[in-house]
Protein chains: 2
Amino acid sequence: MSSEFRFSIKKTDTLRNQIYQDIKDAVISGKLKPGQRLREQDLSRDMGVSRGPIREAILLLEREGLLVTQTHRETTVAHVEKVEVDQLLNPLRVLLESYCIQTILPRLNEAHFSDLDNILNELIEACKNSDLSAIVKKDLQIHEYLVALTEEPYLISLWSGVSSRIVFHFINNSHVHQQNDFSQLIDEHRELLDAIKTKDWAIIEPVLRRHIY
Amino acid sequence: MSSEFRFSIKKTDTLRNQIYQDIKDAVISGKLKPGQRLREQDLSRDMGVSRGPIREAILLLEREGLLVTQTHRETTVAHVEKVEVDQLLNPLRVLLESYCIQTILPRLNEAHFSDLDNILNELIEACKNSDLSAIVKKDLQIHEYLVALTEEPYLISLWSGVSSRIVFHFINNSHVHQQNDFSQLIDEHRELLDAIKTKDWAIIEPVLRRHIY
DNA sequence: AAAATTGTTATTGTTGACAATTACAATGAG
DNA sequence: CTCATTGTAATTGTCAACAATAACAATTTT
């Protein structure tokens, strides 16, 4: 009989992907503010890696619209204005999510509804604790769950880019969106899930369109 | 009076952007076939540049869905299947273009219509000559013109990514879409432009939805 | 001979040094 | 003093060498 013991080899992702995620998290969580400059050398020193993978990570985030790079000059954290969220990003999100939900509608079953209910309950819990970070996370997770069901990598990455910029905006403008009362947020999501459970697009569509995160 | 003479300084774009465009053109035009492998070293040697900017260009094209990279293994030209065009890319394109057209509708004027008519005439000319490359280019140009009018860089880049993959599919499957007769292509575009000239979304929407490149 | 192991090679991932570009400060001319 | 010019420093863009990884061939074990 062979030993039960195994060395747990932590196979690391590429540096580029780790850096990408680190910067993205820092931006979305609000640790890096809009307009703030990112110097490749500083990041290199802070993270203890060379500039190569940092440049690649920055390049990706620039394409996603979270950073802005001026050639030969500098890269800064993007500004995401309310008007862009209202007139472009959120309509795009609705567009993408509409397509996702319509696509997966025939495949939706009780197991999915149960998963969604669980996330909703976690969202409610987060609201009770007024844990803004958790609220944003759980809110996103509901939508992400639906999008991921399509199993279309390109569609998922498109949605991911759009929604991360929306979240970024709300995090940096939480003072504007005075949400000391989260009841509306919960109601909207409950309404959305109830609509989805009918599996009737005619019922879902108007709810989704009205739903502004 | 000072001399009229000026040295024409050709300010070069970054290598990364040039390489990006070169590879993209090669893929979209069909010079690189789906599944074909791209070796960084080969590209480096052929183009006479180091692997740095090549890696960055490849990274961007991977995110656009024109290349597929397996970490530590290889990157190949993507396969874009008919089912993906029909069920995802083209609906996305319609979604994006719908949003674009609705946005710019109030601002559209005779000058724009004139521009569009000119491109349409060039498309008709290309069809007469059965110049597939020119046909694809002019076809794209009509849509691009409308999208560009939004002046939303993020939206434009989104559309650009989606449409380039659609074009890529059609170029690599031209034998499937036996288009020895381009009259339908011309009719559809003429119909679309006529609809747009009414500036009535209720008229435009069904035409756009029916229009499959 | 089949399966597991080891070594080899091709290729991508990462690094630190160098080149090119831009902004800004210092200098000089009107 | 104001404007143009030149030099300098900070930063990004590019390069060539090195490290890490994964596929495959060679070897050994059963």
# chains A, B, ... in the order shown; residues from 1 in each chain; ligands from 1
>>> residues_around(residues="DA17 in chain D", least_positions_apart="2", cutoff="12 Å", atoms="only C-alpha atoms (C1' of nucleotides)", output="number ranges by chain")
B: 50; C: 14-17; D: 15, 19
>>> write_last_selection(atoms="C-alpha atoms (C1' of nucleotides)", output="PDB file, in the first residue's frame")
ATOM      1  CA  SER B  50      12.384  41.324 -31.057  1.00  0.00           C
TER       2      SER B  50
ATOM      3  C1'  DT C  14      10.656  36.557 -17.685  1.00  0.00           C
ATOM      4  C1'  DT C  15      14.453  39.499 -16.968  1.00  0.00           C
ATOM      5  C1'  DG C  16      17.687  43.528 -16.985  1.00  0.00           C
ATOM      6  C1'  DA C  17      20.007  46.581 -20.131  1.00  0.00           C
TER       7       DA C  17
ATOM      8  C1'  DC D  15      15.986  44.251 -27.443  1.00  0.00           C
ATOM      9  C1'  DA D  19      14.665  30.520 -17.028  1.00  0.00           C
TER      10       DA D  19
END
>>> interface_residues(of="chain C", to="chain B", cutoff="12 Å", atoms="only C-alpha atoms (C1' of nucleotides)", output="MDAnalysis selection string")
chainID C and resid 10:15 20:21
>>> write_last_selection(atoms="N, CA, C and O atoms (P, O5', C5', C4', C3', O3' and C1' of nucleotides)", output="mmCIF file, in the first residue's frame")
data_model
loop_
_atom_site.group_PDB
_atom_site.id
_atom_site.type_symbol
_atom_site.label_atom_id
_atom_site.label_comp_id
_atom_site.auth_asym_id
_atom_site.auth_seq_id
_atom_site.Cartn_x
_atom_site.Cartn_y
_atom_site.Cartn_z
ATOM 1 P P DA C 10 15.322 21.239 -31.249
ATOM 2 O "O5'" DA C 10 13.918 21.970 -31.349
ATOM 3 C "C5'" DA C 10 12.722 21.188 -31.358
ATOM 4 C "C4'" DA C 10 11.584 21.970 -30.737
ATOM 5 C "C3'" DA C 10 11.497 23.427 -31.208
ATOM 6 O "O3'" DA C 10 10.156 23.697 -31.541
ATOM 7 C "C1'" DA C 10 11.542 23.343 -28.843
ATOM 8 P P DT C 11 9.760 25.076 -32.296
ATOM 9 O "O5'" DT C 11 9.170 25.937 -31.093
ATOM 10 C "C5'" DT C 11 8.043 25.432 -30.371
ATOM 11 C "C4'" DT C 11 7.840 26.250 -29.122
ATOM 12 C "C3'" DT C 11 7.875 27.768 -29.338
ATOM 13 O "O3'" DT C 11 6.557 28.261 -29.235
ATOM 14 C "C1'" DT C 11 8.976 27.094 -27.325
ATOM 15 P P DT C 12 6.198 29.862 -29.259
ATOM 16 O "O5'" DT C 12 5.953 30.163 -27.704
ATOM 17 C "C5'" DT C 12 4.972 29.422 -26.989
ATOM 18 C "C4'" DT C 12 5.145 29.627 -25.497
ATOM 19 C "C3'" DT C 12 4.859 31.044 -24.993
ATOM 20 O "O3'" DT C 12 4.134 30.950 -23.775
ATOM 21 C "C1'" DT C 12 7.016 30.401 -24.336
ATOM 22 P P DG C 13 3.599 32.264 -23.005
ATOM 23 O "O5'" DG C 13 4.691 32.479 -21.870
ATOM 24 C "C5'" DG C 13 4.651 31.647 -20.716
ATOM 25 C "C4'" DG C 13 5.632 32.133 -19.670
ATOM 26 C "C3'" DG C 13 5.432 33.585 -19.225
ATOM 27 O "O3'" DG C 13 5.589 33.645 -17.807
ATOM 28 C "C1'" DG C 13 7.646 33.289 -20.039
ATOM 29 P P DT C 14 5.461 35.061 -16.997
ATOM 30 O "O5'" DT C 14 6.974 35.555 -16.926
ATOM 31 C "C5'" DT C 14 7.925 34.730 -16.239
ATOM 32 C "C4'" DT C 14 9.279 35.407 -16.205
ATOM 33 C "C3'" DT C 14 9.286 36.872 -15.750
ATOM 34 O "O3'" DT C 14 10.057 36.941 -14.567
ATOM 35 C "C1'" DT C 14 10.656 36.557 -17.685
ATOM 36 P P DT C 15 10.206 38.375 -13.801
ATOM 37 O "O5'" DT C 15 11.626 38.855 -14.322
ATOM 38 C "C5'" DT C 15 12.733 37.963 -14.214
ATOM 39 C "C4'" DT C 15 13.946 38.519 -14.928
ATOM 40 C "C3'" DT C 15 14.251 39.984 -14.617
ATOM 41 O "O3'" DT C 15 15.449 40.059 -13.870
ATOM 42 C "C1'" DT C 15 14.453 39.499 -16.968
ATOM 43 P P DA C 20 17.622 54.760 -30.956
ATOM 44 O "O5'" DA C 20 16.203 55.241 -30.417
ATOM 45 C "C5'" DA C 20 15.108 54.334 -30.466
ATOM 46 C "C4'" DA C 20 13.829 55.049 -30.050
ATOM 47 C "C3'" DA C 20 13.662 56.462 -30.610
ATOM 48 O "O3'" DA C 20 12.313 56.603 -30.994
ATOM 49 C "C1'" DA C 20 13.621 56.518 -28.226
ATOM 50 P P DT C 21 11.785 57.982 -31.709
ATOM 51 O "O5'" DT C 21 10.995 58.688 -30.515
ATOM 52 C "C5'" DT C 21 9.952 57.954 -29.870
ATOM 53 C "C4'" DT C 21 9.519 58.689 -28.617
ATOM 54 C "C3'" DT C 21 9.185 60.170 -28.830
ATOM 55 O "O3'" DT C 21 7.810 60.336 -28.546
ATOM 56 C "C1'" DT C 21 10.486 59.827 -26.862
#
>>> interface_residues(of="chain B", to="chain A", cutoff="10 Å", atoms="only C-alpha atoms", output="PyMOL selection string")
chain B and resi 13-14+52-53+55-57+59-60+63-65+71-72+84+87-89+91-92+95-96+99-100+103+152-155+157-158+162
>>> closest_residue(among="A:Lys197, A:Lys128, A:Lys33, A:Arg51", to="chain D", atoms="only C-alpha atoms (C1' of nucleotides)")
A:Arg51
>>> interface_residues(of="chain D", to="chain A", cutoff="8 Å", atoms="only C-alpha atoms (C1' of nucleotides)", output="ChimeraX atom specification")
/D:11-13
>>> select_by_dssp(residues="range 3-201 of chain B", states="strand (DSSP E)", output="PyMOL selection string")
chain B and resi 37-38+67-70+74-77
>>> residues_around(residues="DA25 in chain D", least_positions_apart="2", cutoff="12 Å", atoms="only C-alpha atoms (C1' of nucleotides)", output="ChimeraX atom specification")
/C:6-9 /D:23,27
>>> atom_distance(atom1="CA of Leu120 in chain B", atom2="CA of His189 in chain B")
7.4 Å
>>> atom_distance(atom1="CA of Leu66 in chain A", atom2="CA of Ile19 in chain A")
14.2 Å
